[in-house]
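Colleague: I'm passing along target_36.cif; it holds mmCIF, C-alpha atoms.
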data_input
#
loop_
_atom_site.label_atom_id
_atom_site.label_comp_id
_atom_site.auth_asym_id
_atom_site.auth_seq_id
_atom_site.Cartn_x
_atom_site.Cartn_y
_atom_site.Cartn_z
CA MET A 258 40.98 12.23 7.50
CA LYS A 259 40.74 11.62 3.78
CA ASN A 260 39.59 8.03 4.33
CA LYS A 261 37.01 9.19 6.85
CA ALA A 262 35.68 11.74 4.39
CA ILE A 263 35.39 9.09 1.67
CA PHE A 264 33.66 6.74 4.11
CA ALA A 265 31.21 9.45 5.18
CA ALA A 266 30.43 10.30 1.55
CA GLY A 267 29.81 6.62 0.88
CA LEU A 268 27.38 6.45 3.77
CA MET A 269 25.47 9.44 2.45
CA VAL A 270 25.16 7.83 -1.00
CA ALA A 271 24.00 4.58 0.55
CA PHE A 272 21.44 6.42 2.66
CA ALA A 273 20.10 8.23 -0.40
CA LEU A 274 19.56 4.89 -2.12
CA LEU A 275 17.53 3.42 0.72
CA THR A 276 13.82 2.92 0.07
CA PRO A 277 11.24 4.42 2.47
CA GLU A 278 10.72 0.92 3.88
CA ASP A 279 14.42 0.72 4.76
CA VAL A 280 14.37 3.89 6.85
CA GLN A 281 11.02 3.36 8.55
CA ALA A 282 10.56 3.15 12.29
CA GLN A 283 11.20 0.00 14.25
CA ALA A 284 7.87 -0.85 15.90
CA SER A 285 7.61 -3.08 18.94
CA GLY A 286 5.00 -5.80 18.63
CA TYR A 287 4.48 -9.26 17.19
CA LEU A 288 3.61 -11.16 14.05
CA VAL A 289 0.99 -13.90 13.99
CA MET A 290 2.20 -16.66 11.74
CA ASN A 291 -0.04 -18.24 9.12
CA ASP A 292 0.12 -21.70 10.71
CA SER A 293 -2.37 -23.89 12.55
CA ALA A 294 -1.14 -22.73 15.95
CA GLY A 295 -1.08 -19.01 15.14
CA THR A 296 2.47 -18.78 16.42
CA GLN A 297 3.56 -15.34 17.61
CA VAL A 298 6.96 -13.87 16.76
CA ARG A 299 7.77 -10.95 19.05
CA GLY A 300 10.32 -8.18 18.76
CA LYS A 301 10.98 -4.93 16.92
CA ILE A 302 9.41 -5.26 13.49
CA ILE A 303 10.50 -3.64 10.23
CA TRP A 304 9.03 -4.18 6.76
CA ARG A 305 11.60 -4.87 4.05
CA GLY A 306 9.84 -4.13 0.77
CA GLY A 307 12.71 -5.27 -1.43
CA SER A 308 12.55 -8.82 -0.11
CA ARG A 309 8.82 -8.72 0.77
CA ALA A 310 9.55 -9.87 4.28
CA TYR A 311 9.40 -8.65 7.86
CA GLU A 312 12.60 -8.36 9.85
CA VAL A 313 12.02 -9.10 13.52
CA ARG A 314 14.80 -7.96 15.84
CA ASP A 315 15.31 -9.34 19.34
CA PRO A 316 14.09 -6.58 21.73
CA ASN A 317 17.07 -7.23 24.01
CA ASN A 318 19.75 -7.62 21.35
CA ALA A 319 19.31 -5.74 18.05
CA SER A 320 22.08 -7.78 16.44
CA ILE A 321 19.86 -10.85 16.59
CA SER A 322 17.08 -10.89 14.02
CA ARG A 323 15.11 -13.16 11.72
CA SER A 324 13.41 -12.61 8.38
CA VAL A 325 9.79 -13.71 8.01
CA PRO A 326 8.37 -13.88 4.45
CA PHE A 327 5.18 -11.88 3.90
CA ASP A 328 3.16 -14.90 2.73
CA ARG A 329 3.82 -16.67 6.05
CA VAL A 330 2.30 -13.87 8.13
CA ARG A 331 -1.39 -13.82 9.04
CA SER A 332 -1.41 -10.46 10.83
CA VAL A 333 0.82 -7.75 12.29
CA HIS A 334 0.34 -6.13 15.69
CA VAL A 335 2.50 -3.17 16.72
CA LYS A 336 2.20 -0.30 19.15
CA LYS A 337 0.02 2.54 17.89
CA PRO A 338 2.05 5.61 16.86
CA ALA A 339 1.59 8.86 18.76
CA GLY A 340 -0.76 11.28 17.06
CA LEU A 341 -2.62 8.69 14.99
CA ASP A 342 -5.93 8.88 16.86
CA VAL A 343 -5.79 12.69 16.99
CA GLY A 344 -5.22 12.95 13.24
CA VAL A 345 -7.94 10.45 12.35
CA LYS A 346 -10.44 12.13 14.68
CA ALA A 347 -9.64 15.56 13.24
CA VAL A 348 -10.25 14.40 9.66
CA SER A 349 -13.47 12.58 10.56
CA GLY A 350 -14.65 15.81 12.17
CA GLY A 351 -13.94 17.82 9.03
CA SER A 352 -10.61 19.39 10.07
CA PHE A 353 -7.87 19.14 7.43
CA SER A 354 -5.07 21.30 8.84
CA GLY A 355 -1.57 21.12 7.45
CA ALA A 356 -0.26 19.87 10.80
CA HIS A 357 -2.64 16.91 10.82
CA ILE A 358 -1.84 16.07 7.21
CA ALA A 359 1.91 16.20 7.89
CA LYS A 360 1.55 13.87 10.89
CA LEU A 361 -0.53 11.36 8.95
CA GLU A 362 1.99 11.45 6.09
CA ALA A 363 4.81 10.70 8.54
CA ILE A 364 2.91 7.73 10.00
CA VAL A 365 2.15 6.28 6.57
CA LYS A 366 5.82 6.45 5.68
CA ALA A 367 7.20 5.15 8.96
CA TYR A 368 4.69 2.32 9.46
CA GLY A 369 4.64 0.81 5.98
CA MET A 370 2.95 -2.62 5.98
CA LEU A 371 2.57 -2.52 9.77
CA GLY A 372 -1.18 -1.91 9.76
CA HIS A 373 -1.23 1.63 11.10
CA ASP A 374 -0.20 2.88 7.65
CA LEU A 375 -3.67 1.88 6.43
CA THR A 376 -5.46 3.64 9.29
CA ALA A 377 -3.44 6.81 8.75
CA GLY A 378 -3.66 6.40 4.97
CA ALA A 379 -7.45 6.28 4.96
CA ALA A 380 -7.65 9.56 6.89
CA LEU A 381 -4.89 11.14 4.80
CA ALA A 382 -6.57 10.17 1.55
CA ARG A 383 -9.79 11.81 2.72
CA ALA A 384 -7.90 14.96 3.75
CA TYR A 385 -6.28 15.11 0.32
CA VAL A 386 -9.63 14.82 -1.46
CA GLU A 387 -11.28 17.46 0.71
CA THR A 388 -8.41 19.90 0.16
CA GLY A 389 -8.40 19.52 -3.63
CA GLN A 390 -5.39 17.22 -3.85
CA GLY A 391 -6.99 14.35 -5.78
CA PRO A 392 -3.79 13.25 -7.57
CA LYS A 393 -2.12 12.74 -4.17
CA THR A 394 -5.01 10.51 -3.13
CA GLU A 395 -4.56 8.38 -6.24
CA ASP A 396 -0.81 8.08 -5.67
CA LEU A 397 -1.28 7.20 -1.98
CA TYR A 398 -3.86 4.53 -2.82
CA ARG A 399 -1.57 2.90 -5.38
CA ARG A 400 1.35 2.86 -2.92
CA LEU A 401 -0.69 1.33 -0.10
CA LYS A 402 -2.24 -1.23 -2.43
CA SER A 403 1.02 -2.26 -4.12
CA SER A 404 1.87 -5.02 -1.63
CA ARG A 405 -1.67 -5.93 -0.63
CA LYS A 406 -4.85 -7.49 -1.97
CA ALA A 407 -7.84 -5.25 -2.67
CA GLY A 408 -9.76 -7.04 0.06
CA ASP A 409 -7.24 -5.94 2.69
CA LEU A 410 -7.82 -2.22 2.13
CA PRO A 411 -10.10 -0.29 4.53
CA GLY A 412 -13.30 1.20 3.21
CA GLY A 413 -12.25 4.74 4.10
CA LEU A 414 -9.18 4.54 1.89
CA VAL A 415 -11.08 3.00 -1.00
CA GLY A 416 -13.86 5.56 -0.70
CA ALA A 417 -11.49 8.52 -0.77
CA TYR A 418 -9.72 7.08 -3.81
CA TRP A 419 -13.02 6.62 -5.61
CA ASP A 420 -14.09 10.15 -4.76
CA ALA A 421 -10.85 11.39 -6.31
CA LEU A 422 -11.54 9.38 -9.47
CA LEU A 423 -15.13 10.65 -9.59
CA LYS A 424 -14.02 14.28 -9.31
CA ALA A 425 -11.36 13.71 -11.97
CA GLY A 426 -13.95 12.28 -14.38
CA LYS A 427 -12.18 8.89 -14.59
CA SER A 428 -15.42 6.93 -14.85
CA SER A 429 -14.02 3.89 -16.68
CA VAL A 430 -11.34 3.35 -14.02
CA LEU A 431 -13.89 3.97 -11.30
CA ASN A 432 -16.43 1.44 -12.56
CA ARG A 433 -13.70 -1.17 -12.94
CA GLU A 434 -12.51 -0.58 -9.38
CA ILE A 435 -16.06 -0.82 -8.01
CA ASP A 436 -16.64 -4.16 -9.73
CA ILE A 437 -13.42 -5.56 -8.26
CA ILE A 438 -14.34 -4.49 -4.73
CA LEU A 439 -17.90 -5.81 -4.96
CA ARG A 440 -16.49 -9.21 -5.94
CA THR A 441 -13.48 -9.47 -3.67
CA GLY A 442 -13.47 -6.61 -1.16
CA ALA A 443 -13.85 -6.61 2.59
CA ARG A 444 -17.28 -5.67 3.98
CA SER A 445 -16.09 -2.18 4.83
CA ALA A 446 -14.99 -1.58 1.24
CA VAL A 447 -18.16 -3.10 -0.23
CA ALA A 448 -20.25 -0.77 1.94
CA VAL A 449 -18.35 2.18 0.47
CA ALA A 450 -18.80 0.76 -3.04
CA TYR A 451 -22.57 0.86 -2.69
CA VAL A 452 -22.44 4.47 -1.51
CA LEU A 453 -20.45 5.38 -4.59
CA LYS A 454 -22.88 3.52 -6.85
CA GLY A 455 -25.51 5.74 -5.28
CA ASP A 456 -23.40 8.83 -6.03
CA ILE A 457 -23.15 7.89 -9.69
CA LYS A 458 -26.91 7.37 -9.98
CA LYS A 459 -27.64 10.57 -8.07
CA GLN A 460 -25.29 12.52 -10.33
CA ASP A 461 -27.50 11.44 -13.24
CA GLY A 462 -30.66 12.54 -11.40
CA LYS A 463 -31.78 8.94 -10.75
CA PHE A 464 -32.64 9.42 -7.09
CA GLU A 465 -34.71 6.26 -6.64
CA ASP A 466 -31.98 4.12 -8.21
CA ALA A 467 -29.41 5.86 -6.03
CA LEU A 468 -31.36 4.75 -2.97
CA ILE A 469 -32.10 1.18 -4.06
CA ASP A 470 -28.76 0.35 -5.72
CA GLY A 471 -26.63 2.41 -3.38
CA TYR A 472 -27.34 4.24 -0.16
CA LEU A 473 -30.05 2.04 1.35
CA ARG A 474 -27.99 -1.10 0.73
CA THR A 475 -25.30 0.36 2.95
CA VAL A 476 -27.76 1.69 5.54
CA VAL A 477 -29.60 -1.64 5.85
CA LEU A 478 -27.13 -4.40 4.92
CA TYR A 479 -23.94 -2.84 6.28
CA ARG A 480 -25.17 -1.24 9.47
CA ASP A 481 -22.17 -2.71 11.30
CA ILE A 482 -19.76 -0.63 9.19
CA LYS A 483 -19.92 2.48 11.36
CA ASP A 484 -17.41 4.58 9.41
CA VAL A 485 -19.59 4.81 6.31
CA GLN A 486 -23.04 4.97 7.94
CA PRO A 487 -23.10 8.78 8.42
CA GLU A 488 -22.43 9.38 4.73
CA ALA A 489 -24.99 6.79 3.60
CA LEU A 490 -27.66 8.19 5.93
CA TYR A 491 -26.95 11.78 4.88
CA LYS A 492 -27.17 10.98 1.19
CA ALA A 493 -30.25 8.79 1.62
CA HIS A 494 -31.90 11.73 3.42
CA SER A 495 -31.02 13.98 0.48
CA CYS A 496 -32.51 11.57 -2.08
CA PHE A 497 -35.72 11.13 -0.13
CA GLN A 498 -36.05 14.91 0.00
CA GLU A 499 -35.58 15.11 -3.77
CA LEU A 500 -38.35 12.53 -4.15
CA ASN A 501 -40.53 14.49 -1.69
CA GLN A 502 -40.75 11.47 0.61
CA VAL A 503 -40.72 13.50 3.80
CA THR A 504 -41.36 10.67 6.28
CA HIS A 505 -38.46 8.56 4.98
CA ALA A 506 -36.20 11.61 4.84
CA GLU A 507 -36.98 12.34 8.48
CA THR A 508 -36.18 8.73 9.43
CA MET A 509 -32.73 9.07 7.86
CA ARG A 510 -32.16 12.45 9.50
CA LYS A 511 -33.16 11.18 12.93
CA ARG A 512 -30.92 8.11 12.74
CA LEU A 513 -27.95 10.22 11.61
CA MET A 514 -28.38 12.82 14.34
CA GLU A 515 -28.92 10.26 17.11
CA ALA A 516 -26.27 7.71 16.18
CA TYR A 517 -23.55 9.96 14.72
CA PRO A 518 -24.07 13.46 16.18
CA THR A 519 -20.39 14.46 15.99
CA SER A 520 -19.85 13.37 12.36
CA SER A 521 -19.17 15.96 9.68
CA TYR A 522 -22.38 14.84 7.93
CA ALA A 523 -24.48 15.58 11.02
CA LYS A 524 -22.83 19.00 11.22
CA ASP A 525 -23.63 19.66 7.56
CA LEU A 526 -27.25 18.65 8.11
CA LYS A 527 -27.53 21.01 11.08
CA ALA A 528 -26.08 23.79 8.94
CA GLY A 529 -28.66 23.11 6.24
CA LYS A 530 -26.17 21.87 3.68
#
Please express what this file holds, its structure, as structure tokens.
Modeller:
Amino acid sequence: MKNKAIFAAGLMVAFALLTPEDVQAQASGYLVMNDSAGTQVRGKIIWRGGSRAYEVRDPNNASISRSVPFDRVRSVHVKKPAGLDVGVKAVSGGSFSGAHIAKLEAIVKAYGMLGHDLTAGAALARAYVETGQGPKTEDLYRRLKSSRKAGDLPGGLVGAYWDALLKAGKSSVLNREIDIILRTGARSAVAVAYVLKGDIKKQDGKFEDALIDGYLRTVVLYRDIKDVQPEALYKAHSCFQELNQVTHAETMRKRLMEAYPTSSYAKDLKAGK
């Protein structure tokens, strides 16, 4: 009995020392290798942050596994976790309940470096910002970025992080981050960067500059980035109103209401906000 107690205590200590990556969920799916053939490695996939590698376990025999270094992997494809779509949809619709936040937090933790952590993380970061938890947004962004390049981060995550910096008055950090994304970011992140450039100009009362350097660039040049279009259209509408350019303001309003009627920005416009 004494030996069993010592063994059990040892297990508890070992468990406490495990990193979040070590206790994350095993997700069924496949890796696409970074080779000319795009070889697929199938099984139950776990990210091992300490060794910067994916462990792929045989779906029929968990004792058989192989380690695949991160730099040899082109992409990761695993089954979508339950509750992800519901949480993302709730946040995009302006609902930031504690239950949705808790679910998104659990997905980010369990699906580290498996792709769905970014989808959940983008929604979670926005929920944090909108509920006055800016520091949590900053911490989440740093954690999700730690093993990735800036260009791999979704625009929604980057945008929420920047909003947190803007609200915290961290302008020097913000401008540096924007410059990095404009040079190296994915299209979705660049689209968000231009919206934020517009926010900075608008904050200074430079409504025409906000349109030219920011919002209209996203509306016109990044029309394919659907996630950020409602915000860009809403803010472009606001600037045109400030400039008393009624016809252009109505064009922005009409496009927002027709293309994105269920967005939180369309709802705000209907409510006269």
Colleague: Tell me, as an MDAnalysis selection string, which residues lie within 8 Å of segment 476-485 of chain A, counting only C-alpha atoms; anything in the same chain fewer than 2 positions away does not count.
Modeller: chainID A and resid 412:413 444:445 448:449 472:474 487:490
Colleague: Write out as a ChimeraX atom specification which residues come within 8 Å of segment 380-392 of chain A when counting all atoms listed in the file, dropping same-chain ones fewer than 6 positions away.
Modeller: /A:344-345,348-349,353,358,361-362,398,413-414,417-418,420-422,424-425
Colleague: Identify, on the basis of all atoms listed in the file, every residue whose closest approach to Leu401 of chain A does not exceed 12 Å; exclude the query and any residue fewer than 6 positions from it along the same chain; express the result as a PyMOL selection string.
Modeller: chain A and resi 306+365-366+368-379+381-382+394-395+407+409-411+414-415+418
Colleague: Which value, in Å to one decimal, gives the distance between atom CA of Lys511 of chain A and atom CA of Thr475 of chain A?
Modeller: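 Interatomic distance, atom CA of Lys511 of chain A to atom CA of Thr475 of chain A: 16.7 Å.
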Colleague: Rounded to one decimal in Å, what is the spacing between atom CA of Lys427 of chain A and atom CA of Tyr522 of chain A?
Modeller: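 Rounded to one decimal, the two atoms are 25.4 Å apart.
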Colleague: How big is the axis-aligned box, and where does its centre sit, when it encloses all atoms of segment 448-459 of chain A listed in the file and has 3 Å added on every side, reported in Å to one decimal as AutoDock Vina command-line options?
Modeller:
--center_x -23.0 --center_y 4.9 --center_z -4.0 --size_x 15.3 --size_y 17.3 --size_z 17.9
Colleague: Neighbours of Ser521 of chain A within 12 Å (all atoms listed in the file; same-chain residues fewer than 3 positions away dropped), as an MDAnalysis selection string?
Modeller: chainID A and resid 346:353 484:488 491 513:514 517:518 524:528 530
Colleague: Hey, what comes out of the PyMOL selection byres ((chain A and resi 309-311) around 10) on this file? Could you write it as a list in words?
Modeller: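 Residues picked by the PyMOL selection byres ((chain A and resi 309-311) around 10): Leu288, Lys301, Ile302, Ile303, Trp304, Arg305, Gly306, Gly307, Ser308, Glu312, Val313, Arg314, Arg323, Ser324, Val325, Pro326, Phe327, Asp328, Arg329, Val330, Val333, Met370, Leu371 and Ser404 of chain A.
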Colleague: Which residues match the PyMOL selection byres ((chain A and resi 464) around 10) in the file above, as number ranges by chain?
Modeller: A: 455-463, 465-471, 493, 495-500
Colleague: Kindly save the residues from that selection, with C-alpha atoms included, as an mmCIF file, in the coordinates of the input.
Modeller:
data_model
loop_
_atom_site.group_PDB
_atom_site.id
_atom_site.type_symbol
_atom_site.label_atom_id
_atom_site.label_comp_id
_atom_site.auth_asym_id
_atom_site.auth_seq_id
_atom_site.Cartn_x
_atom_site.Cartn_y
_atom_site.Cartn_z
ATOM 1 C CA GLY A 455 -25.510 5.740 -5.280
ATOM 2 C CA ASP A 456 -23.400 8.830 -6.030
ATOM 3 C CA ILE A 457 -23.150 7.890 -9.690
ATOM 4 C CA LYS A 458 -26.910 7.370 -9.980
ATOM 5 C CA LYS A 459 -27.640 10.570 -8.070
ATOM 6 C CA GLN A 460 -25.290 12.520 -10.330
ATOM 7 C CA ASP A 461 -27.500 11.440 -13.240
ATOM 8 C CA GLY A 462 -30.660 12.540 -11.400
ATOM 9 C CA LYS A 463 -31.780 8.940 -10.750
ATOM 10 C CA GLU A 465 -34.710 6.260 -6.640
ATOM 11 C CA ASP A 466 -31.980 4.120 -8.210
ATOM 12 C CA ALA A 467 -29.410 5.860 -6.030
ATOM 13 C CA LEU A 468 -31.360 4.750 -2.970
ATOM 14 C CA ILE A 469 -32.100 1.180 -4.060
ATOM 15 C CA ASP A 470 -28.760 0.350 -5.720
ATOM 16 C CA GLY A 471 -26.630 2.410 -3.380
ATOM 17 C CA ALA A 493 -30.250 8.790 1.620
ATOM 18 C CA SER A 495 -31.020 13.980 0.480
ATOM 19 C CA CYS A 496 -32.510 11.570 -2.080
ATOM 20 C CA PHE A 497 -35.720 11.130 -0.130
ATOM 21 C CA GLN A 498 -36.050 14.910 0.000
ATOM 22 C CA GLU A 499 -35.580 15.110 -3.770
ATOM 23 C CA LEU A 500 -38.350 12.530 -4.150
#
Colleague: One number please: atom CA of Met290 of chain A to atom CA of Ser332 of chain A, in Å, one decimal.
Modeller: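 Value for the atom CA of Met290 of chain A-atom CA of Ser332 of chain A distance: 7.2 Å.
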Colleague: Given only C-alpha atoms as the basis, pick out the residue of A:Gln502, A:Thr441, A:Ser285, A:Ser428 nearest to Leu453 of chain A.
Modeller: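 Once distances to Leu453 of chain A are computed over only C-alpha atoms, the minimum belongs to A:Ser428.
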Colleague: Between A:Ile435, A:Ala284, A:His334, A:Lys406, which one has atoms that come closest to Ile364 of chain A, using all atoms listed in the file?
Modeller: A:Ala284
Colleague: Copy segment 318-338 of chain A out of the block into a file, keeping N, CA, C and O atoms, as a PDB file, in the first residue's frame.
Modeller:
ATOM      1  N   ASN A 318      -3.797   1.222 -33.102  1.00  0.00           N
ATOM      2  CA  ASN A 318      -2.875   0.750 -32.062  1.00  0.00           C
ATOM      3  C   ASN A 318      -2.127   1.951 -31.494  1.00  0.00           C
ATOM      4  O   ASN A 318      -1.146   2.405 -32.059  1.00  0.00           O
ATOM      5  N   ALA A 319      -2.604   2.455 -30.358  1.00  0.00           N
ATOM      6  CA  ALA A 319      -2.053   3.684 -29.770  1.00  0.00           C
ATOM      7  C   ALA A 319      -0.594   3.546 -29.361  1.00  0.00           C
ATOM      8  O   ALA A 319       0.097   4.556 -29.165  1.00  0.00           O
ATOM      9  N   SER A 320      -0.121   2.316 -29.231  1.00  0.00           N
ATOM     10  CA  SER A 320       1.279   2.127 -28.834  1.00  0.00           C
ATOM     11  C   SER A 320       2.248   2.373 -29.995  1.00  0.00           C
ATOM     12  O   SER A 320       3.449   2.477 -29.790  1.00  0.00           O
ATOM     13  N   ILE A 321       1.691   2.462 -31.187  1.00  0.00           N
ATOM     14  CA  ILE A 321       2.514   2.734 -32.376  1.00  0.00           C
ATOM     15  C   ILE A 321       2.361   4.203 -32.755  1.00  0.00           C
ATOM     16  O   ILE A 321       1.244   4.676 -33.004  1.00  0.00           O
ATOM     17  N   SER A 322       3.443   4.928 -32.783  1.00  0.00           N
ATOM     18  CA  SER A 322       3.376   6.346 -33.124  1.00  0.00           C
ATOM     19  C   SER A 322       4.668   6.797 -33.798  1.00  0.00           C
ATOM     20  O   SER A 322       5.684   6.090 -33.740  1.00  0.00           O
ATOM     21  N   ARG A 323       4.601   7.968 -34.413  1.00  0.00           N
ATOM     22  CA  ARG A 323       5.800   8.558 -34.999  1.00  0.00           C
ATOM     23  C   ARG A 323       5.803  10.045 -34.704  1.00  0.00           C
ATOM     24  O   ARG A 323       4.745  10.663 -34.512  1.00  0.00           O
ATOM     25  N   SER A 324       6.984  10.617 -34.637  1.00  0.00           N
ATOM     26  CA  SER A 324       7.136  12.049 -34.381  1.00  0.00           C
ATOM     27  C   SER A 324       7.477  12.754 -35.692  1.00  0.00           C
ATOM     28  O   SER A 324       8.368  12.317 -36.429  1.00  0.00           O
ATOM     29  N   VAL A 325       6.743  13.818 -35.988  1.00  0.00           N
ATOM     30  CA  VAL A 325       6.953  14.566 -37.222  1.00  0.00           C
ATOM     31  C   VAL A 325       7.336  16.000 -36.869  1.00  0.00           C
ATOM     32  O   VAL A 325       6.520  16.733 -36.307  1.00  0.00           O
ATOM     33  N   PRO A 326       8.559  16.423 -37.166  1.00  0.00           N
ATOM     34  CA  PRO A 326       9.000  17.789 -36.843  1.00  0.00           C
ATOM     35  C   PRO A 326       8.106  18.848 -37.491  1.00  0.00           C
ATOM     36  O   PRO A 326       7.636  18.676 -38.626  1.00  0.00           O
ATOM     37  N   PHE A 327       7.880  19.930 -36.776  1.00  0.00           N
ATOM     38  CA  PHE A 327       7.010  21.005 -37.233  1.00  0.00           C
ATOM     39  C   PHE A 327       7.413  21.547 -38.604  1.00  0.00           C
ATOM     40  O   PHE A 327       6.564  21.802 -39.461  1.00  0.00           O
ATOM     41  N   ASP A 328       8.729  21.711 -38.843  1.00  0.00           N
ATOM     42  CA  ASP A 328       9.165  22.318 -40.095  1.00  0.00           C
ATOM     43  C   ASP A 328       9.016  21.389 -41.299  1.00  0.00           C
ATOM     44  O   ASP A 328       9.275  21.793 -42.434  1.00  0.00           O
ATOM     45  N   ARG A 329       8.577  20.154 -41.070  1.00  0.00           N
ATOM     46  CA  ARG A 329       8.336  19.231 -42.179  1.00  0.00           C
ATOM     47  C   ARG A 329       6.850  19.124 -42.524  1.00  0.00           C
ATOM     48  O   ARG A 329       6.468  18.376 -43.414  1.00  0.00           O
ATOM     49  N   VAL A 330       6.029  19.902 -41.816  1.00  0.00           N
ATOM     50  CA  VAL A 330       4.578  19.828 -42.005  1.00  0.00           C
ATOM     51  C   VAL A 330       4.065  21.052 -42.745  1.00  0.00           C
ATOM     52  O   VAL A 330       4.327  22.186 -42.347  1.00  0.00           O
ATOM     53  N   ARG A 331       3.332  20.812 -43.822  1.00  0.00           N
ATOM     54  CA  ARG A 331       2.739  21.911 -44.592  1.00  0.00           C
ATOM     55  C   ARG A 331       1.423  22.372 -43.977  1.00  0.00           C
ATOM     56  O   ARG A 331       1.150  23.570 -43.889  1.00  0.00           O
ATOM     57  N   SER A 332       0.584  21.425 -43.579  1.00  0.00           N
ATOM     58  CA  SER A 332      -0.711  21.776 -42.996  1.00  0.00           C
ATOM     59  C   SER A 332      -1.235  20.636 -42.126  1.00  0.00           C
ATOM     60  O   SER A 332      -0.790  19.496 -42.238  1.00  0.00           O
ATOM     61  N   VAL A 333      -2.182  20.994 -41.252  1.00  0.00           N
ATOM     62  CA  VAL A 333      -2.781  20.032 -40.324  1.00  0.00           C
ATOM     63  C   VAL A 333      -4.288  20.026 -40.535  1.00  0.00           C
ATOM     64  O   VAL A 333      -4.909  21.088 -40.635  1.00  0.00           O
ATOM     65  N   HIS A 334      -4.859  18.830 -40.599  1.00  0.00           N
ATOM     66  CA  HIS A 334      -6.302  18.705 -40.824  1.00  0.00           C
ATOM     67  C   HIS A 334      -6.873  17.712 -39.814  1.00  0.00           C
ATOM     68  O   HIS A 334      -6.590  16.517 -39.882  1.00  0.00           O
ATOM     69  N   VAL A 335      -7.663  18.229 -38.875  1.00  0.00           N
ATOM     70  CA  VAL A 335      -8.274  17.356 -37.865  1.00  0.00           C
ATOM     71  C   VAL A 335      -9.762  17.669 -37.754  1.00  0.00           C
ATOM     72  O   VAL A 335     -10.233  18.729 -38.177  1.00  0.00           O
ATOM     73  N   LYS A 336     -10.486  16.727 -37.176  1.00  0.00           N
ATOM     74  CA  LYS A 336     -11.923  16.873 -37.021  1.00  0.00           C
ATOM     75  C   LYS A 336     -12.253  18.107 -36.188  1.00  0.00           C
ATOM     76  O   LYS A 336     -11.618  18.382 -35.172  1.00  0.00           O
ATOM     77  N   LYS A 337     -13.262  18.833 -36.629  1.00  0.00           N
ATOM     78  CA  LYS A 337     -13.668  20.060 -35.932  1.00  0.00           C
ATOM     79  C   LYS A 337     -14.268  19.727 -34.563  1.00  0.00           C
ATOM     80  O   LYS A 337     -15.121  18.847 -34.455  1.00  0.00           O
ATOM     81  N   PRO A 338     -13.827  20.415 -33.509  1.00  0.00           N
ATOM     82  CA  PRO A 338     -14.370  20.137 -32.173  1.00  0.00           C
ATOM     83  C   PRO A 338     -15.818  20.599 -32.024  1.00  0.00           C
ATOM     84  O   PRO A 338     -16.240  21.590 -32.629  1.00  0.00           O
TER      85      PRO A 338
END
